[in-house]
Structures are given as structure tokens and as C-alpha cells.
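Right, one structure below, let's go through it.
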Amino acid sequence: MEYFPLLELPEDLQAMVVERVARNSFQDLYRLGASSGSMKALARDATIYVKGVQFFYSYDEQDYGLSLIKRAADAGYERAVYTHAMTQAIFYGDAQYFRRIPRATVDRVGKLVRDAKWGWGLWHTDEFRQIKAMFTSTYVPSFYLCQCANVVDRQCLCLWHIDVTKDDNMCERCFWIKEISLFFRDFEPISLFRDTSNW
């Protein structure tokens, strides 16, 4: 069997591989982590992040889940930094963590976080849905009313079209309203891990 140089992949792809392995089997994740020191660190941070999201968003164990997400964020795991900032802003009204994310990387990392389809049957908590409804009715209209950038005319002023409504010249407030809206629209919680080692 030919050796695949996983460590030569860009860090984003390495992280994606580790997260997919983490979702499939803890045994495979252990073997991947044992392959090298950098893979071990990446596997540890990715696992902490995945477990944190699972506990916070699926099991409603918010304190424990947030502490795991923060731990992975403090270790520099990009997806955890993004998710921690979103979680702090959405659930605790604390937007200071947005400063940890360079605006140039928000789009790329946000897509990685939101496009990971973790859910296998569990939905967001009632609290998440209530906050989403409040945010949509309170902040999304101000996004559409702000004249900070070229606005594409839309009949539906909702979350569905928010990512293609304004060009990239929007003000900082609208930028983060858009990003939080995309998180509300696309993020799915982790419901469980499956062990596919016996498949």
C-alpha cells in the first residue's frame, strides 16, 4: 500500500480529515493521532472541538460544551475560534471574541463550520430557535436598512438571501449580522458519533 502524505495537505484539509475521522470512529482517530506529533495535536484539538459542539448544541450541556470549545479555540483551532465567537455572541451577547478572527478568514472558516453536516436526527434546542427568531426580527431588518454597501433588491428580507444581498463593502456591524445570520441559517448541531470500525 502506498503512503499518502497527509501532512503535506493544507491545514484546512488536514483539519477536515481529522473531523471526519472523529465523527466515524474513535479507534481511527486514535490511530491517526498516533501517526505524528502534529496529527496528534490536530486530532486532540478537533476532538475537543467536536465534543464541545456536541455537548453545547445537542445535549444542552452549555457550560461544559462551551469550556471544550474555548479550550480548542485557545489552542488555535480555527473552527473552534469561529464557533466560540458565534456561540458567545448568540447566547451571551458578547461580541468581543469576533476580534480574534481576521475578517479575511471569516468567510472561509465560517463556510467550513457551517458546511459540516453533523446532524443525525437531533435538532437545535428550543433556546437556539428562540434566539434565532429574536435575532431575525430585531437585527436582520437593520441589515437591510443600512446603506453601507450596494444592496441587491430582494422581495424577501430574511435569512435565506442574506449572503448575496450586499457586496463586500458593508460596515462592520452588517458584516457580523450577516455572519451570525448565516450561522443561524446553516449550522447543524452534532447529535452523535458512530463507530464504523466494524462495518
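Chain labels A, B, ... are given in the sequence in which chains occur in the C-alpha cells; within each chain residues are numbered consecutively from 1, and ligands are likewise numbered from 1 in the order shown.
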
Skip Lys132 (chain A) itself and residues of its chain fewer than 2 positions away, then list as number ranges by chain all residues within 9 Å of it, counting only C-alpha atoms.
A: 90, 127-130, 134-137, 181, 184-185

Go ahead and save the residues from that selection, with N, CA and C atoms, as a PDB file, in the first residue's frame.
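Written output follows (again-v7.pdb):
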```pdb
ATOM      1  N   ILE A  90     -24.113  34.836  20.253  1.00  0.00           N
ATOM      2  CA  ILE A  90     -25.514  34.420  20.162  1.00  0.00           C
ATOM      3  C   ILE A  90     -26.134  34.161  21.526  1.00  0.00           C
ATOM      4  N   GLU A 127     -33.970  26.963  23.030  1.00  0.00           N
ATOM      5  CA  GLU A 127     -33.324  28.251  23.269  1.00  0.00           C
ATOM      6  C   GLU A 127     -32.672  28.784  21.991  1.00  0.00           C
ATOM      7  N   PHE A 128     -32.000  27.923  21.240  1.00  0.00           N
ATOM      8  CA  PHE A 128     -31.370  28.340  19.984  1.00  0.00           C
ATOM      9  C   PHE A 128     -32.426  28.862  19.018  1.00  0.00           C
ATOM     10  N   ARG A 129     -33.533  28.147  18.892  1.00  0.00           N
ATOM     11  CA  ARG A 129     -34.595  28.576  17.976  1.00  0.00           C
ATOM     12  C   ARG A 129     -35.225  29.894  18.417  1.00  0.00           C
ATOM     13  N   GLN A 130     -35.384  30.090  19.725  1.00  0.00           N
ATOM     14  CA  GLN A 130     -35.948  31.339  20.232  1.00  0.00           C
ATOM     15  C   GLN A 130     -35.007  32.519  19.966  1.00  0.00           C
ATOM     16  N   MET A 134     -35.678  35.836  17.603  1.00  0.00           N
ATOM     17  CA  MET A 134     -35.489  37.190  18.114  1.00  0.00           C
ATOM     18  C   MET A 134     -34.465  37.942  17.267  1.00  0.00           C
ATOM     19  N   PHE A 135     -33.360  37.287  16.934  1.00  0.00           N
ATOM     20  CA  PHE A 135     -32.319  37.919  16.123  1.00  0.00           C
ATOM     21  C   PHE A 135     -32.862  38.286  14.745  1.00  0.00           C
ATOM     22  N   THR A 136     -33.598  37.371  14.136  1.00  0.00           N
ATOM     23  CA  THR A 136     -34.147  37.595  12.800  1.00  0.00           C
ATOM     24  C   THR A 136     -35.110  38.777  12.794  1.00  0.00           C
ATOM     25  N   SER A 137     -35.912  38.899  13.835  1.00  0.00           N
ATOM     26  CA  SER A 137     -36.879  40.000  13.866  1.00  0.00           C
ATOM     27  C   SER A 137     -36.262  41.327  14.314  1.00  0.00           C
ATOM     28  N   SER A 181     -26.245  35.559  10.979  1.00  0.00           N
ATOM     29  CA  SER A 181     -27.432  35.071  10.257  1.00  0.00           C
ATOM     30  C   SER A 181     -27.119  33.797   9.490  1.00  0.00           C
ATOM     31  N   PHE A 184     -26.960  30.997  11.984  1.00  0.00           N
ATOM     32  CA  PHE A 184     -28.320  30.566  12.339  1.00  0.00           C
ATOM     33  C   PHE A 184     -28.943  29.750  11.218  1.00  0.00           C
ATOM     34  N   ARG A 185     -28.744  30.175   9.998  1.00  0.00           N
ATOM     35  CA  ARG A 185     -29.381  29.519   8.851  1.00  0.00           C
ATOM     36  C   ARG A 185     -28.795  28.141   8.553  1.00  0.00           C
TER      37      ARG A 185
END
```

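If you count only C-alpha atoms and ignore residues fewer than 4 places along the chain from region 99-104 of chain A, what sits within 9 Å of it is A:Glu78, A:Val81, A:Tyr82, A:Ala85, A:Ala95, A:Arg108.
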
Which residues, written as an NGL selection string, have at least one atom at most 10 Å from Val106 (chain A), with only C-alpha atoms counted and residues fewer than 5 positions away on the same chain left out?
:A and (78-79 or 82 or 98 or 101 or 111-112 or 175-176 or 179)

Non-local contacts of Met170 (chain A) (9 Å; only C-alpha atoms; under 3 positions in same chain excluded) as a PyMOL selection string
chain A and resi 146-150+166-167+173-175

Store the residues of this selection in a file with N, CA and C atoms, as a short mmCIF file (atom, residue, chain, number, x, y, z; two decimals), in the first residue's frame.
```cif
data_model
loop_
_atom_site.label_atom_id
_atom_site.label_comp_id
_atom_site.auth_asym_id
_atom_site.auth_seq_id
_atom_site.Cartn_x
_atom_site.Cartn_y
_atom_site.Cartn_z
N CYS A 146 -29.58 49.38 6.43
CA CYS A 146 -28.30 50.09 6.42
C CYS A 146 -27.84 50.30 4.98
N GLN A 147 -27.39 51.50 4.69
CA GLN A 147 -26.95 51.85 3.34
C GLN A 147 -25.44 51.78 3.16
N CYS A 148 -24.78 50.91 3.90
CA CYS A 148 -23.33 50.86 3.90
C CYS A 148 -22.73 50.24 2.64
N ALA A 149 -23.48 49.51 1.88
CA ALA A 149 -22.95 48.83 0.69
C ALA A 149 -24.03 48.77 -0.38
N ASN A 150 -23.63 48.36 -1.56
CA ASN A 150 -24.60 48.18 -2.63
C ASN A 150 -25.54 47.04 -2.28
N LYS A 166 -25.77 42.01 -0.10
CA LYS A 166 -24.87 43.17 -0.14
C LYS A 166 -23.51 42.74 -0.67
N ASP A 167 -22.81 43.72 -1.25
CA ASP A 167 -21.45 43.41 -1.69
C ASP A 167 -20.50 43.43 -0.49
N ARG A 173 -20.74 46.28 11.44
CA ARG A 173 -21.99 45.79 12.06
C ARG A 173 -22.76 44.88 11.11
N CYS A 174 -22.93 45.31 9.88
CA CYS A 174 -23.65 44.49 8.90
C CYS A 174 -22.90 43.21 8.58
N PHE A 175 -21.57 43.30 8.53
CA PHE A 175 -20.76 42.12 8.28
C PHE A 175 -21.05 41.03 9.31
#
```

Kindly indicate which residue among A:Ile180, A:Ala116, A:Leu9, A:Ala75 lies nearest to Val50 (chain A), using only C-alpha atoms for the distances.
A:Ala116

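Taking CA of Cys171 (chain A) and CA of Tyr97 (chain A) as endpoints, the distance between them is 17.8 Å.
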
Could you give me, as a PDB file with N, CA and C atoms, in the first residue's frame, the residues within 9 Å of Asp45 (chain A), counting only C-alpha atoms and dropping anything in the same chain fewer than 5 positions from it?
```pdb
ATOM      1  N   LYS A  40      -1.376  14.352  16.100  1.00  0.00           N
ATOM      2  CA  LYS A  40      -1.877  14.127  17.457  1.00  0.00           C
ATOM      3  C   LYS A  40      -2.473  15.420  18.020  1.00  0.00           C
ATOM      4  N   VAL A  50     -15.170  19.094  18.528  1.00  0.00           N
ATOM      5  CA  VAL A  50     -16.356  18.316  18.138  1.00  0.00           C
ATOM      6  C   VAL A  50     -17.175  17.953  19.371  1.00  0.00           C
ATOM      7  N   ARG A  71     -11.470  25.717  24.949  1.00  0.00           N
ATOM      8  CA  ARG A  71     -10.163  25.057  25.061  1.00  0.00           C
ATOM      9  C   ARG A  71      -9.546  24.825  23.685  1.00  0.00           C
ATOM     10  N   ALA A  72     -10.353  24.347  22.758  1.00  0.00           N
ATOM     11  CA  ALA A  72      -9.865  24.139  21.387  1.00  0.00           C
ATOM     12  C   ALA A  72      -9.546  25.479  20.718  1.00  0.00           C
ATOM     13  N   ALA A  73     -10.349  26.504  20.998  1.00  0.00           N
ATOM     14  CA  ALA A  73     -10.086  27.838  20.435  1.00  0.00           C
ATOM     15  C   ALA A  73      -8.784  28.407  20.987  1.00  0.00           C
ATOM     16  N   ALA A  75      -6.290  26.791  21.872  1.00  0.00           N
ATOM     17  CA  ALA A  75      -5.183  26.045  21.260  1.00  0.00           C
ATOM     18  C   ALA A  75      -4.952  26.497  19.819  1.00  0.00           C
ATOM     19  N   GLY A  76      -5.823  27.383  19.305  1.00  0.00           N
ATOM     20  CA  GLY A  76      -5.641  27.927  17.968  1.00  0.00           C
ATOM     21  C   GLY A  76      -6.383  27.196  16.871  1.00  0.00           C
ATOM     22  N   TYR A  77      -7.289  26.290  17.229  1.00  0.00           N
ATOM     23  CA  TYR A  77      -8.050  25.553  16.228  1.00  0.00           C
ATOM     24  C   TYR A  77      -9.061  26.511  15.601  1.00  0.00           C
ATOM     25  N   ALA A  80     -12.839  26.200  15.970  1.00  0.00           N
ATOM     26  CA  ALA A  80     -13.252  26.430  17.351  1.00  0.00           C
ATOM     27  C   ALA A  80     -13.267  27.916  17.670  1.00  0.00           C
TER      28      ALA A  80
END
```

Please provide as a list in words all residues within 9 Å of Leu68 (chain A), with the sequence filter that same-chain residues fewer than 5 positions apart are discarded (counting only C-alpha atoms).
Ile48, Tyr49, Val50, Lys51, Gly52, Val53, Phe55, Asp63 and Ala73 of chain A
